[in-house]
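Raw run.cif, mmCIF, C-alpha atoms:
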```
data_target
loop_
_atom_site.label_atom_id
_atom_site.label_comp_id
_atom_site.auth_asym_id
_atom_site.auth_seq_id
_atom_site.Cartn_x
_atom_site.Cartn_y
_atom_site.Cartn_z
CA MET G 1 11.75 8.49 25.37
CA ASP G 2 14.59 9.10 22.93
CA ASN G 3 13.11 11.37 20.27
CA ALA G 4 16.02 10.96 17.86
CA LEU G 5 14.72 9.31 14.70
CA PRO G 6 17.02 8.73 11.70
CA ARG G 7 14.82 9.30 8.65
CA LEU G 8 14.68 10.15 4.95
CA LEU G 9 11.86 11.04 2.58
CA LEU G 10 12.19 9.69 -0.97
CA CYS G 11 10.51 11.96 -3.52
CA ALA G 12 10.34 12.44 -7.28
CA GLY G 13 9.29 14.97 -9.88
CA ALA G 14 6.22 12.95 -10.91
CA SER G 15 4.39 9.68 -10.41
CA GLY G 16 6.02 6.75 -12.20
CA GLY G 17 9.57 7.88 -11.50
CA GLY G 18 10.46 4.79 -9.47
CA LYS G 19 9.88 5.93 -5.86
CA THR G 20 8.36 2.61 -4.79
CA THR G 21 11.07 0.55 -6.49
CA VAL G 22 13.87 2.58 -4.92
CA THR G 23 12.16 2.63 -1.52
CA CYS G 24 11.75 -1.14 -1.51
CA ALA G 25 15.35 -1.66 -2.66
CA LEU G 26 16.67 0.55 0.15
CA LEU G 27 14.39 -0.97 2.79
CA LYS G 28 15.71 -4.43 1.98
CA ALA G 29 19.32 -3.27 1.71
CA PHE G 30 19.15 -1.56 5.12
CA GLN G 31 17.41 -4.60 6.57
CA ASN G 32 20.23 -6.77 5.24
CA ARG G 33 22.59 -4.53 7.22
CA GLY G 34 20.66 -5.24 10.43
CA LEU G 35 19.11 -1.79 10.76
CA SER G 36 15.49 -2.97 11.14
CA PRO G 37 14.05 -0.16 8.97
CA ALA G 38 10.56 1.31 9.43
CA ALA G 39 8.48 2.33 6.40
CA PHE G 40 5.95 5.08 5.83
CA LYS G 41 3.92 6.40 2.89
CA CYS G 42 2.88 9.99 2.30
CA GLY G 43 -0.78 10.31 1.37
CA PRO G 44 -3.77 7.96 1.31
CA ASP G 45 -2.41 5.19 -0.93
CA TYR G 46 -2.87 1.63 0.35
CA ILE G 47 -0.83 -0.29 -2.20
CA ASP G 48 2.70 1.08 -1.76
CA PRO G 49 2.65 0.34 2.00
CA MET G 50 1.71 -3.25 1.20
CA PHE G 51 4.95 -3.52 -0.81
CA HIS G 52 6.94 -1.97 2.04
CA SER G 53 5.39 -4.41 4.50
CA GLU G 54 6.15 -7.37 2.26
CA VAL G 55 9.80 -6.28 2.11
CA ILE G 56 10.45 -5.71 5.82
CA GLY G 57 7.88 -8.01 7.39
CA VAL G 58 6.19 -5.38 9.57
CA PRO G 59 3.35 -2.95 8.77
CA SER G 60 4.12 0.23 6.85
CA ARG G 61 2.25 3.33 8.01
CA ASN G 62 0.50 6.13 6.12
CA LEU G 63 1.34 9.71 7.07
CA ASP G 64 -1.45 11.72 5.45
CA LEU G 65 -1.58 15.35 6.49
CA PHE G 66 -5.11 15.90 5.17
CA PHE G 67 -6.33 13.11 7.45
CA LEU G 68 -4.03 13.60 10.41
CA GLY G 69 -2.71 17.13 10.58
CA GLU G 70 0.92 17.86 11.37
CA ASP G 71 0.95 17.06 15.11
CA THR G 72 -0.67 13.62 14.81
CA ALA G 73 1.47 12.73 11.77
CA CYS G 74 4.65 13.62 13.68
CA ALA G 75 3.47 11.67 16.73
CA LEU G 76 2.69 8.55 14.67
CA LEU G 77 6.02 8.85 12.85
CA LEU G 78 7.88 9.01 16.16
CA GLU G 79 5.85 6.22 17.77
CA ASN G 80 6.22 3.82 14.84
CA GLY G 81 9.84 4.72 14.07
CA GLN G 82 11.13 4.29 17.63
CA GLY G 83 13.65 1.46 17.94
CA HIS G 84 14.33 1.25 14.20
CA GLY G 85 17.73 2.06 12.74
CA ILE G 86 16.25 4.15 9.95
CA SER G 87 12.79 5.26 8.81
CA LEU G 88 12.08 5.68 5.10
CA LEU G 89 9.13 7.83 4.04
CA GLU G 90 7.96 7.38 0.45
CA GLY G 91 6.52 10.52 -1.13
CA VAL G 92 3.45 10.81 -3.33
CA MET G 93 3.05 12.12 -6.91
CA GLY G 94 5.51 14.93 -7.64
CA TYR G 95 7.36 16.39 -4.66
CA TYR G 96 5.48 19.70 -4.66
CA ASP G 97 2.10 18.23 -5.63
CA GLY G 98 -0.64 18.42 -3.04
CA ILE G 99 -4.33 19.28 -2.88
CA GLY G 100 -5.43 21.11 -6.02
CA MET G 101 -2.62 23.33 -7.28
CA SER G 102 -1.10 23.67 -3.81
CA SER G 103 1.50 21.65 -1.91
CA ASP G 104 -0.90 21.00 0.97
CA ALA G 105 -0.71 17.39 2.24
CA GLY G 106 1.95 16.48 -0.35
CA ALA G 107 5.47 15.15 0.09
CA TYR G 108 7.08 18.60 0.38
CA HIS G 109 4.57 19.49 3.11
CA LEU G 110 5.31 16.24 4.95
CA ALA G 111 9.09 16.74 4.71
CA ARG G 112 8.74 20.22 6.23
CA ALA G 113 6.23 19.16 8.91
CA THR G 114 8.42 16.26 10.06
CA GLN G 115 11.79 17.99 9.43
CA THR G 116 12.84 15.03 7.31
CA PRO G 117 15.69 15.34 4.77
CA ALA G 118 14.39 14.63 1.26
CA VAL G 119 16.25 12.62 -1.38
CA LEU G 120 15.14 13.16 -4.97
CA VAL G 121 14.68 10.00 -7.05
CA LEU G 122 15.33 11.22 -10.59
CA ASP G 123 14.30 9.12 -13.57
CA ALA G 124 17.32 9.67 -15.82
CA ARG G 125 16.09 7.82 -18.91
CA GLY G 126 16.72 9.82 -22.09
CA ARG G 127 18.56 12.61 -20.27
CA ALA G 128 22.08 13.95 -20.09
CA LEU G 129 22.78 17.49 -18.82
CA THR G 130 19.04 18.12 -18.62
CA ALA G 131 19.07 15.90 -15.52
CA ALA G 132 21.08 18.60 -13.75
CA ALA G 133 18.58 21.24 -14.90
CA GLU G 134 15.70 19.20 -13.46
CA VAL G 135 17.47 18.86 -10.12
CA GLN G 136 18.28 22.57 -10.06
CA GLY G 137 14.65 23.41 -10.84
CA MET G 138 13.40 21.22 -7.99
CA LEU G 139 15.86 22.87 -5.60
CA ALA G 140 15.11 26.42 -6.66
CA PHE G 141 11.32 26.17 -6.79
CA ARG G 142 11.15 26.63 -3.02
CA PRO G 143 14.06 28.10 -1.01
CA ASP G 144 13.31 25.63 1.80
CA SER G 145 12.98 22.63 -0.54
CA GLY G 146 14.55 20.30 2.01
CA ILE G 147 16.11 18.24 -0.83
CA ARG G 148 19.48 17.08 0.44
CA GLY G 149 20.53 14.55 -2.16
CA VAL G 150 19.73 12.64 -5.35
CA ILE G 151 19.44 9.00 -6.40
CA LEU G 152 19.36 8.39 -10.15
CA ASN G 153 16.97 5.74 -11.43
CA ARG G 154 17.03 3.84 -14.71
CA VAL G 155 20.51 5.09 -15.65
CA SER G 156 23.26 3.02 -17.22
CA PRO G 157 26.45 2.31 -15.25
CA MET G 158 28.43 3.86 -18.11
CA LEU G 159 26.57 7.19 -18.00
CA TYR G 160 26.24 7.43 -14.22
CA PRO G 161 29.70 8.88 -13.33
CA ARG G 162 29.29 11.74 -15.81
CA LEU G 163 25.71 12.47 -14.70
CA LYS G 164 26.78 12.43 -11.06
CA ALA G 165 29.62 14.88 -11.73
CA ALA G 166 27.38 17.20 -13.77
CA ILE G 167 24.65 17.32 -11.12
CA GLU G 168 27.02 17.80 -8.21
CA GLU G 169 28.92 20.57 -10.01
CA ALA G 170 25.80 22.42 -11.21
CA CYS G 171 23.64 21.97 -8.11
CA GLY G 172 26.03 21.52 -5.20
CA LEU G 173 24.04 18.49 -4.10
CA PRO G 174 25.42 14.99 -3.43
CA VAL G 175 24.33 12.15 -5.70
CA TYR G 176 24.04 9.04 -3.56
CA GLY G 177 24.10 6.47 -6.33
CA TYR G 178 21.86 4.91 -8.92
CA LEU G 179 19.74 1.96 -9.93
CA PRO G 180 19.96 0.77 -13.54
CA SER G 181 16.91 -0.23 -15.54
CA ARG G 182 15.87 -3.71 -14.37
CA PRO G 183 12.93 -5.03 -16.45
CA ASP G 184 13.25 -8.34 -14.57
CA CYS G 185 12.29 -6.50 -11.37
CA ALA G 186 9.32 -4.53 -12.72
CA LEU G 187 6.23 -4.14 -10.50
CA GLU G 188 3.04 -4.53 -12.54
CA SER G 189 0.13 -2.06 -12.40
CA ARG G 190 -3.66 -2.00 -12.78
CA HIS G 191 -6.52 0.47 -12.47
CA LEU G 192 -5.91 1.38 -8.82
CA GLY G 193 -2.14 1.66 -9.27
CA LEU G 194 0.33 -1.16 -8.72
CA VAL G 195 -1.05 -4.64 -8.29
CA THR G 196 -0.95 -5.68 -4.64
CA ALA G 197 2.24 -7.16 -3.25
CA ALA G 198 0.59 -10.57 -2.82
CA GLU G 199 -0.06 -10.73 -6.57
CA VAL G 200 3.45 -10.01 -7.86
CA GLU G 201 5.11 -13.17 -9.07
CA ASP G 202 8.48 -13.82 -7.40
CA LEU G 203 8.26 -10.56 -5.45
CA GLN G 204 10.85 -11.55 -2.86
CA ARG G 205 13.28 -12.58 -5.61
CA LYS G 206 12.77 -9.22 -7.32
CA ILE G 207 13.28 -7.33 -4.07
CA ASP G 208 16.42 -9.33 -3.27
CA LEU G 209 17.83 -8.47 -6.71
CA LEU G 210 17.02 -4.79 -6.22
CA ALA G 211 18.62 -4.79 -2.76
CA ARG G 212 21.79 -6.39 -4.07
CA GLN G 213 21.88 -3.77 -6.80
CA ALA G 214 21.46 -1.00 -4.21
CA GLU G 215 24.27 -2.46 -2.15
CA GLU G 216 26.52 -2.24 -5.21
CA SER G 217 25.54 1.12 -6.66
CA VAL G 218 24.01 3.25 -3.86
CA ASP G 219 25.96 4.98 -1.08
CA LEU G 220 24.05 3.42 1.81
CA GLU G 221 26.44 4.77 4.43
CA GLY G 222 26.05 8.27 3.04
CA LEU G 223 22.25 7.97 3.14
CA LEU G 224 22.38 6.65 6.70
CA ALA G 225 24.55 9.61 7.76
CA LEU G 226 22.04 11.99 6.14
CA ALA G 227 19.16 10.22 7.92
CA ARG G 228 20.96 10.56 11.25
CA SER G 229 21.31 14.31 10.70
CA ALA G 230 17.52 14.76 11.01
CA PRO G 231 16.56 16.69 14.16
CA ALA G 232 14.77 15.05 17.07
CA LEU G 233 10.96 15.09 17.03
CA ASP G 234 8.92 16.43 19.94
CA PRO G 235 5.23 16.30 18.95
CA PRO G 236 2.28 16.61 21.34
CA ALA G 237 0.87 13.38 22.76
CA LEU G 238 -1.62 11.48 20.63
CA PRO G 239 -5.26 12.32 21.51
CA LEU G 240 -6.31 8.83 22.64
CA PRO G 241 -9.84 8.58 24.12
CA THR G 242 -10.51 6.39 27.15
CA PRO G 243 -10.63 2.74 26.06
CA VAL G 244 -13.93 0.84 25.99
CA ALA G 245 -14.53 -2.00 28.46
CA GLY G 246 -15.57 -5.50 27.46
CA ARG G 247 -13.05 -6.18 24.67
CA PRO G 248 -15.59 -6.57 21.82
CA ARG G 249 -14.44 -8.75 18.93
CA ILE G 250 -14.38 -6.97 15.54
CA ALA G 251 -14.02 -9.22 12.50
CA VAL G 252 -11.86 -7.59 9.81
CA ALA G 253 -12.23 -8.83 6.21
CA ARG G 254 -8.70 -9.63 5.00
CA ASP G 255 -7.92 -11.53 1.83
CA ARG G 256 -7.13 -10.72 -1.79
CA ALA G 257 -10.51 -9.08 -2.28
CA PHE G 258 -10.33 -6.93 0.87
CA CYS G 259 -6.87 -5.68 1.76
CA PHE G 260 -6.97 -1.86 2.01
CA TYR G 261 -6.49 -0.85 5.64
CA TYR G 262 -4.40 1.71 7.43
CA ALA G 263 -2.24 -0.11 9.98
CA ASP G 264 -2.58 2.72 12.48
CA SER G 265 -6.39 2.67 12.16
CA LEU G 266 -6.48 -1.00 13.09
CA ARG G 267 -4.07 -0.42 15.95
CA LEU G 268 -6.26 2.45 17.19
CA LEU G 269 -9.29 0.13 17.39
CA GLU G 270 -7.20 -2.24 19.51
CA ARG G 271 -6.01 0.59 21.74
CA LEU G 272 -9.63 1.61 22.23
CA GLY G 273 -10.41 -1.84 23.59
CA ALA G 274 -11.35 -3.96 20.57
CA GLU G 275 -10.08 -7.42 19.78
CA LEU G 276 -9.48 -7.72 16.03
CA VAL G 277 -9.78 -11.04 14.25
CA SER G 278 -9.30 -11.54 10.51
CA PHE G 279 -11.64 -13.48 8.26
CA SER G 280 -11.95 -14.12 4.53
CA PRO G 281 -15.20 -13.42 2.65
CA LEU G 282 -13.62 -15.43 -0.18
CA ALA G 283 -12.75 -18.59 1.73
CA ASP G 284 -14.50 -18.72 5.12
CA ARG G 285 -18.03 -20.09 5.44
CA ALA G 286 -19.01 -18.19 8.59
CA LEU G 287 -18.04 -15.17 10.64
CA PRO G 288 -15.57 -15.76 13.47
CA GLU G 289 -17.16 -17.00 16.68
CA GLY G 290 -18.07 -14.19 19.06
CA THR G 291 -18.04 -11.45 16.40
CA ALA G 292 -19.59 -8.23 17.73
CA GLY G 293 -18.74 -5.92 14.81
CA LEU G 294 -17.53 -5.96 11.21
CA TYR G 295 -14.90 -3.92 9.38
CA LEU G 296 -15.16 -4.44 5.62
CA GLY G 297 -12.30 -2.48 4.07
CA GLY G 298 -11.49 -1.62 0.49
CA GLY G 299 -9.73 -3.72 -2.07
CA TYR G 300 -10.61 -5.49 -5.30
CA PRO G 301 -13.96 -7.29 -4.83
CA GLU G 302 -14.73 -6.61 -8.52
CA LEU G 303 -11.87 -8.94 -9.49
CA TYR G 304 -13.26 -11.71 -7.29
CA ALA G 305 -17.00 -11.12 -7.76
CA LYS G 306 -17.66 -14.70 -8.92
CA GLN G 307 -15.81 -16.27 -5.98
CA LEU G 308 -17.42 -13.92 -3.47
CA SER G 309 -20.85 -14.68 -4.92
CA GLU G 310 -20.28 -18.43 -4.88
CA ASN G 311 -19.54 -18.28 -1.14
CA LYS G 312 -23.25 -18.01 -0.35
CA PRO G 313 -22.96 -18.99 3.34
CA MET G 314 -20.68 -16.01 4.00
CA ARG G 315 -22.88 -13.60 2.02
CA GLU G 316 -25.89 -14.71 4.04
CA ALA G 317 -23.98 -14.55 7.32
CA VAL G 318 -22.92 -10.94 6.67
CA ARG G 319 -26.39 -9.90 5.57
CA SER G 320 -28.04 -11.55 8.56
CA ALA G 321 -25.57 -10.04 11.04
CA LEU G 322 -25.92 -6.50 9.73
CA ALA G 323 -29.69 -6.73 9.28
CA GLY G 324 -29.83 -7.84 12.90
CA GLY G 325 -28.02 -4.70 14.05
CA MET G 326 -24.37 -5.76 14.26
CA PRO G 327 -22.27 -2.56 13.94
CA ALA G 328 -20.17 -2.31 10.78
CA ILE G 329 -17.90 -0.03 8.80
CA ALA G 330 -17.88 -0.83 5.06
CA GLU G 331 -15.54 1.30 2.96
CA CYS G 332 -15.49 1.30 -0.86
CA GLY G 333 -14.82 -2.38 -1.69
CA GLY G 334 -16.60 -3.42 1.49
CA PHE G 335 -19.50 -1.17 0.47
CA LEU G 336 -19.64 -2.90 -2.93
CA TYR G 337 -19.82 -6.28 -1.19
CA LEU G 338 -22.96 -5.17 0.66
CA HIS G 339 -24.79 -4.46 -2.63
CA GLU G 340 -27.42 -6.72 -4.13
CA ALA G 341 -25.17 -7.32 -7.14
CA LEU G 342 -21.65 -6.46 -8.32
CA ALA G 343 -20.38 -6.58 -11.90
CA ASP G 344 -17.04 -8.20 -12.60
CA GLN G 345 -14.52 -6.87 -15.13
CA GLU G 346 -16.48 -8.47 -18.00
CA GLY G 347 -19.71 -6.83 -16.89
CA THR G 348 -21.39 -9.96 -15.52
CA LEU G 349 -23.51 -9.21 -12.44
CA TRP G 350 -23.04 -11.46 -9.41
CA PRO G 351 -25.21 -11.58 -6.27
CA MET G 352 -23.54 -10.08 -3.18
CA ALA G 353 -24.62 -9.71 0.46
CA GLY G 354 -27.79 -7.84 -0.50
CA LEU G 355 -27.95 -5.28 2.29
CA ILE G 356 -27.74 -2.25 -0.03
CA PRO G 357 -30.65 -2.23 -2.55
CA ALA G 358 -28.46 -1.40 -5.54
CA SER G 359 -25.98 -2.79 -8.05
CA ALA G 360 -22.48 -1.60 -8.98
CA ARG G 361 -20.71 -1.60 -12.34
CA ASN G 362 -17.48 -0.38 -13.94
CA THR G 363 -17.78 3.21 -15.21
CA GLY G 364 -14.52 3.03 -17.16
CA ARG G 365 -13.16 6.08 -15.35
CA LEU G 366 -12.45 7.34 -11.86
CA SER G 367 -15.68 8.33 -10.15
CA ARG G 368 -15.64 11.17 -7.60
CA PHE G 369 -11.89 11.01 -7.02
CA GLY G 370 -9.83 12.59 -4.25
CA TYR G 371 -9.92 14.07 -0.78
CA VAL G 372 -13.27 15.19 0.68
CA THR G 373 -14.61 16.46 3.97
CA LEU G 374 -17.73 14.54 4.96
CA THR G 375 -20.52 16.21 6.93
CA ALA G 376 -23.07 13.86 8.47
CA ARG G 377 -26.68 14.66 7.58
CA THR G 378 -28.00 12.21 10.17
CA ASP G 379 -27.05 10.95 13.61
CA GLY G 380 -25.31 7.61 13.26
CA LEU G 381 -22.54 5.19 14.10
CA LEU G 382 -19.61 7.58 13.58
CA GLY G 383 -21.10 10.83 14.86
CA SER G 384 -24.08 13.12 15.25
CA ALA G 385 -25.63 15.16 12.47
CA GLY G 386 -23.21 17.92 11.53
CA ALA G 387 -20.11 15.96 12.53
CA GLN G 388 -17.27 16.18 10.01
CA MET G 389 -14.58 13.72 8.95
CA PRO G 390 -11.84 13.94 6.32
CA ALA G 391 -12.03 11.10 3.81
CA HIS G 392 -10.80 9.95 0.40
CA GLU G 393 -12.51 8.41 -2.64
CA PHE G 394 -10.84 6.42 -5.44
CA HIS G 395 -12.97 3.97 -7.42
CA TYR G 396 -13.84 3.00 -10.99
CA TRP G 397 -16.95 1.02 -10.06
CA ASP G 398 -20.02 3.07 -9.14
CA SER G 399 -23.32 2.30 -7.46
CA THR G 400 -26.87 2.85 -8.67
CA ALA G 401 -27.57 4.12 -5.12
CA PRO G 402 -24.38 5.50 -3.47
CA GLY G 403 -26.30 6.86 -0.48
CA ALA G 404 -26.99 10.39 0.74
CA ASP G 405 -26.47 10.44 4.52
CA PHE G 406 -23.28 12.52 4.21
CA HIS G 407 -22.34 15.51 2.08
CA ALA G 408 -18.85 15.28 0.62
CA GLN G 409 -17.07 18.55 -0.16
CA LYS G 410 -13.78 18.67 -2.05
CA PRO G 411 -11.17 20.93 -0.47
CA GLN G 412 -10.23 24.10 -2.33
CA SER G 413 -13.13 23.44 -4.71
CA SER G 414 -16.81 24.23 -5.11
CA ARG G 415 -17.53 20.62 -6.08
CA GLY G 416 -19.43 18.39 -3.68
CA TRP G 417 -21.87 15.49 -3.65
CA ASP G 418 -24.01 13.38 -1.34
CA CYS G 419 -22.85 9.89 -0.44
CA ALA G 420 -22.89 6.93 1.93
CA TYR G 421 -25.30 5.29 4.37
CA HIS G 422 -25.22 6.16 8.06
CA THR G 423 -27.42 4.54 10.69
CA SER G 424 -26.96 3.86 14.39
CA THR G 425 -25.09 0.66 13.51
CA LEU G 426 -23.71 1.16 9.99
CA TYR G 427 -21.37 3.30 7.93
CA ALA G 428 -21.32 2.13 4.31
CA GLY G 429 -20.00 4.20 1.41
CA PHE G 430 -17.22 4.82 -1.07
CA PRO G 431 -15.18 7.25 1.11
CA HIS G 432 -12.29 5.74 3.08
CA PHE G 433 -11.28 6.99 6.54
CA HIS G 434 -8.10 7.12 8.58
CA LEU G 435 -9.50 6.63 12.08
CA TRP G 436 -6.77 8.73 13.72
CA ALA G 437 -8.38 11.70 11.94
CA ARG G 438 -11.31 11.38 14.38
CA PRO G 439 -10.46 9.02 17.26
CA GLU G 440 -13.84 9.77 18.86
CA ALA G 441 -15.57 8.24 15.79
CA ALA G 442 -13.46 5.11 16.20
CA LYS G 443 -14.46 4.95 19.86
CA ARG G 444 -18.15 5.23 18.95
CA PHE G 445 -17.71 2.21 16.67
CA VAL G 446 -16.00 0.16 19.41
CA GLU G 447 -18.66 1.22 21.94
CA ALA G 448 -21.42 0.12 19.59
CA CYS G 449 -19.73 -3.25 19.19
CA ALA G 450 -19.38 -3.59 22.98
CA GLN G 451 -23.08 -2.95 23.41
#
```
Just give me the structure as structure tokens.
Amino acid sequence: MDNALPRLLLCAGASGGGKTTVTCALLKAFQNRGLSPAAFKCGPDYIDPMFHSEVIGVPSRNLDLFFLGEDTACALLLENGQGHGISLLEGVMGYYDGIGMSSDAGAYHLARATQTPAVLVLDARGRALTAAAEVQGMLAFRPDSGIRGVILNRVSPMLYPRLKAAIEEACGLPVYGYLPSRPDCALESRHLGLVTAAEVEDLQRKIDLLARQAEESVDLEGLLALARSAPALDPPALPLPTPVAGRPRIAVARDRAFCFYYADSLRLLERLGAELVSFSPLADRALPEGTAGLYLGGGYPELYAKQLSENKPMREAVRSALAGGMPAIAECGGFLYLHEALADQEGTLWPMAGLIPASARNTGRLSRFGYVTLTARTDGLLGSAGAQMPAHEFHYWDSTAPGADFHAQKPQSSRGWDCAYHTSTLYAGFPHFHLWARPEAAKRFVEACAQ
């Protein structure tokens, strides 16, 4: 295997600086040049990878060091980047931001762990020479910053040459170009971040415009040369358990209400012997024929509560299947769907699948947000009592009965709480998993489906 992997990590000083916009513009521009780019996202976010995937037509992968650790993240980067002309990794939050007040599991950590050159996306609105000071500060904060270049965002063509000269003279760092402010290409946002790619009006037109702009005002050849300077990767082999026999069929809820999945998690289930088939709790009237297990991922069921409720045959099919012992993983939005009732954005309660004896409403704020380590209090689908799994919570809706079969402990913090339901056939709770964090838990799920 050729372990050479041309790659760049796009970072910024803070959230909202334009990382996703610039990443999508470059992905499309490199695709237009025939380079077949691969896309990755630092951290647990589901939405940015959906934009990447919409741009390049293949799944974008999450590289989350809290979930995966350095060896598995490097192995998945190499595996998914092989055969692509360039891999672009989008950072998360500010470059040095990680867990708590550390850089752990942040973009800087990922750049170091994967030996990936970082390019700073600098929002230059309302700045002149201060832009150079910001770049210098980012470089000097850590002697091994890994920042090898700059792209200026939201800067006027008239100001760009002078800003470029000032930054290069003061910082000794190449500026690879700019994107001007393009209100016609804005990506809308909502309470969980950007709206999903499927909901952005004229997304492909916007991406095409951004790519054409990048082709005009960004040094793509210079960025490609920098990407090709990245050293080869040589991580340990992925820890894949022995696959399960019988090829059990797992139905995965996939529509506008349920769309938060890690591509590598789904691929792991397939590698462990499962056959995955998609279905829509919004539109389908029954589960796929031959279903032996359910995966109800996160998403926006609260925005589609009325439609989900009105599809009574599907609600009853899910309830009947799970009450009858069909194995299932239900994360966050999928967990909400299993409740007796779910409130929509206006506060109206709508009947759901009815497996969880509780209702869920909008709290108006993030509830129990961030990374956690889960410890199972009971034996169950994903592991025995005492088994641990890294997870992540991010939700505004909360349950009147969120469960107590796991204890969730925040890293680098004394804060913790009980959560989730865990039986021999069910995991249901707000925390999301990346299954490569614990492949043996994924195998237990597939085994239960096979049985």
What are the closest atom pairs, with distances in Å to one decimal, for all residues of segment 216-250 of chain G lying within 10 Å of segment 423-445 of chain G? Consider only C-alpha atoms, order rows by chain and residue number, and present the result as a Markdown table.
```
| residue | atom | partner | partner_atom | distance |
| --- | --- | --- | --- | --- |
| G:Leu238 | CA | G:Trp436 | CA | 9.0 |
| G:Pro239 | CA | G:Pro439 | CA | 7.5 |
| G:Leu240 | CA | G:Pro439 | CA | 6.8 |
| G:Pro241 | CA | G:Glu440 | CA | 6.7 |
| G:Thr242 | CA | G:Lys443 | CA | 8.4 |
| G:Pro243 | CA | G:Lys443 | CA | 7.6 |
| G:Val244 | CA | G:Lys443 | CA | 7.4 |
| G:Ile250 | CA | G:Phe445 | CA | 9.8 |
```
Using C-alpha atoms, can you write the selected residues to a file as a short mmCIF file (atom, residue, chain, number, x, y, z; two decimals), in the coordinates of the input?
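Written output follows (result19.cif):
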```cif
data_model
loop_
_atom_site.label_atom_id
_atom_site.label_comp_id
_atom_site.auth_asym_id
_atom_site.auth_seq_id
_atom_site.Cartn_x
_atom_site.Cartn_y
_atom_site.Cartn_z
CA LEU G 238 -1.62 11.48 20.63
CA PRO G 239 -5.26 12.32 21.51
CA LEU G 240 -6.31 8.83 22.64
CA PRO G 241 -9.84 8.58 24.12
CA THR G 242 -10.51 6.39 27.15
CA PRO G 243 -10.63 2.74 26.06
CA VAL G 244 -13.93 0.84 25.99
CA ILE G 250 -14.38 -6.97 15.54
#
```
For Val218 of chain G, please output as number ranges by chain all residues within 9 Å (counting all atoms listed in the file; exclusion window: fewer than 3 positions along the same chain).
G: 26, 151, 176-179, 213-215, 221-223
Which residue is closest to Arg182 of chain G? Choose from G:Asp418, G:Pro231, G:Leu355, G:Ser156 and count only C-alpha atoms.
G:Ser156
What's around segment 160-164 of chain G at 12 Å? Count only C-alpha atoms, leave out sequence neighbours fewer than 6 positions away in its own chain, and write the answer as an mmCIF file with C-alpha atoms, in the coordinates of the input.
```cif
data_model
loop_
_atom_site.group_PDB
_atom_site.id
_atom_site.type_symbol
_atom_site.label_atom_id
_atom_site.label_comp_id
_atom_site.auth_asym_id
_atom_site.auth_seq_id
_atom_site.Cartn_x
_atom_site.Cartn_y
_atom_site.Cartn_z
ATOM 1 C CA LEU G 122 15.330 11.220 -10.590
ATOM 2 C CA ASP G 123 14.300 9.120 -13.570
ATOM 3 C CA ALA G 124 17.320 9.670 -15.820
ATOM 4 C CA ARG G 125 16.090 7.820 -18.910
ATOM 5 C CA GLY G 126 16.720 9.820 -22.090
ATOM 6 C CA ARG G 127 18.560 12.610 -20.270
ATOM 7 C CA ALA G 128 22.080 13.950 -20.090
ATOM 8 C CA LEU G 129 22.780 17.490 -18.820
ATOM 9 C CA THR G 130 19.040 18.120 -18.620
ATOM 10 C CA ALA G 131 19.070 15.900 -15.520
ATOM 11 C CA ALA G 132 21.080 18.600 -13.750
ATOM 12 C CA ALA G 133 18.580 21.240 -14.900
ATOM 13 C CA VAL G 135 17.470 18.860 -10.120
ATOM 14 C CA GLY G 149 20.530 14.550 -2.160
ATOM 15 C CA VAL G 150 19.730 12.640 -5.350
ATOM 16 C CA ILE G 151 19.440 9.000 -6.400
ATOM 17 C CA LEU G 152 19.360 8.390 -10.150
ATOM 18 C CA ASN G 153 16.970 5.740 -11.430
ATOM 19 C CA ARG G 154 17.030 3.840 -14.710
ATOM 20 C CA ALA G 170 25.800 22.420 -11.210
ATOM 21 C CA CYS G 171 23.640 21.970 -8.110
ATOM 22 C CA GLY G 172 26.030 21.520 -5.200
ATOM 23 C CA LEU G 173 24.040 18.490 -4.100
ATOM 24 C CA PRO G 174 25.420 14.990 -3.430
ATOM 25 C CA VAL G 175 24.330 12.150 -5.700
ATOM 26 C CA TYR G 176 24.040 9.040 -3.560
ATOM 27 C CA GLY G 177 24.100 6.470 -6.330
ATOM 28 C CA TYR G 178 21.860 4.910 -8.920
ATOM 29 C CA LEU G 179 19.740 1.960 -9.930
ATOM 30 C CA PRO G 180 19.960 0.770 -13.540
ATOM 31 C CA SER G 217 25.540 1.120 -6.660
ATOM 32 C CA VAL G 218 24.010 3.250 -3.860
#
```
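One finds atom CA of Asp71 of chain G at 25.6 Å from atom CA of Leu27 of chain G.
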With the PyMOL selection byres ((chain G and resi 402) around 7) as the selection, what would be picked from this file? Answer as a PyMOL selection string, please.
chain G and resi 399-401+403-404+419-420+429
Evaluate the PyMOL selection byres ((chain G and resi 90-103) around 8) and report residues as number ranges by chain:
G: 9-15, 19-20, 23, 39-43, 88-89, 104-109, 371, 411-412
Check which residues satisfy the PyMOL selection byres ((chain G and resi 298) around 9) in the file shown, then give them as a list in words.
Ala257, Phe258, Cys259, Phe260, Tyr261, Leu296, Gly297, Gly299, Tyr300, Pro301, Ala330, Glu331, Cys332, Gly333, Gly334, Phe335, Leu336, Phe430 and His432 of chain G
Would you mind telling me which residue in G:Ala225, G:Ala230, G:Ile356, G:Ala408 lies nearest to Thr375 of chain G when using all atoms listed in the file?
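For Thr375 of chain G, the nearest of the given residues is G:Ala408.
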Best match for closeness to Ala245 of chain G among G:His395, G:Lys206, G:Glu275, G:Asn3, counting all atoms listed in the file
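That would be G:Glu275, the residue with the smallest distance to Ala245 of chain G.
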Would you please work out which residue, of G:Ala321, G:Leu139, G:Leu381, G:Met158, is nearest to Thr291 of chain G when using only C-alpha atoms?
G:Ala321
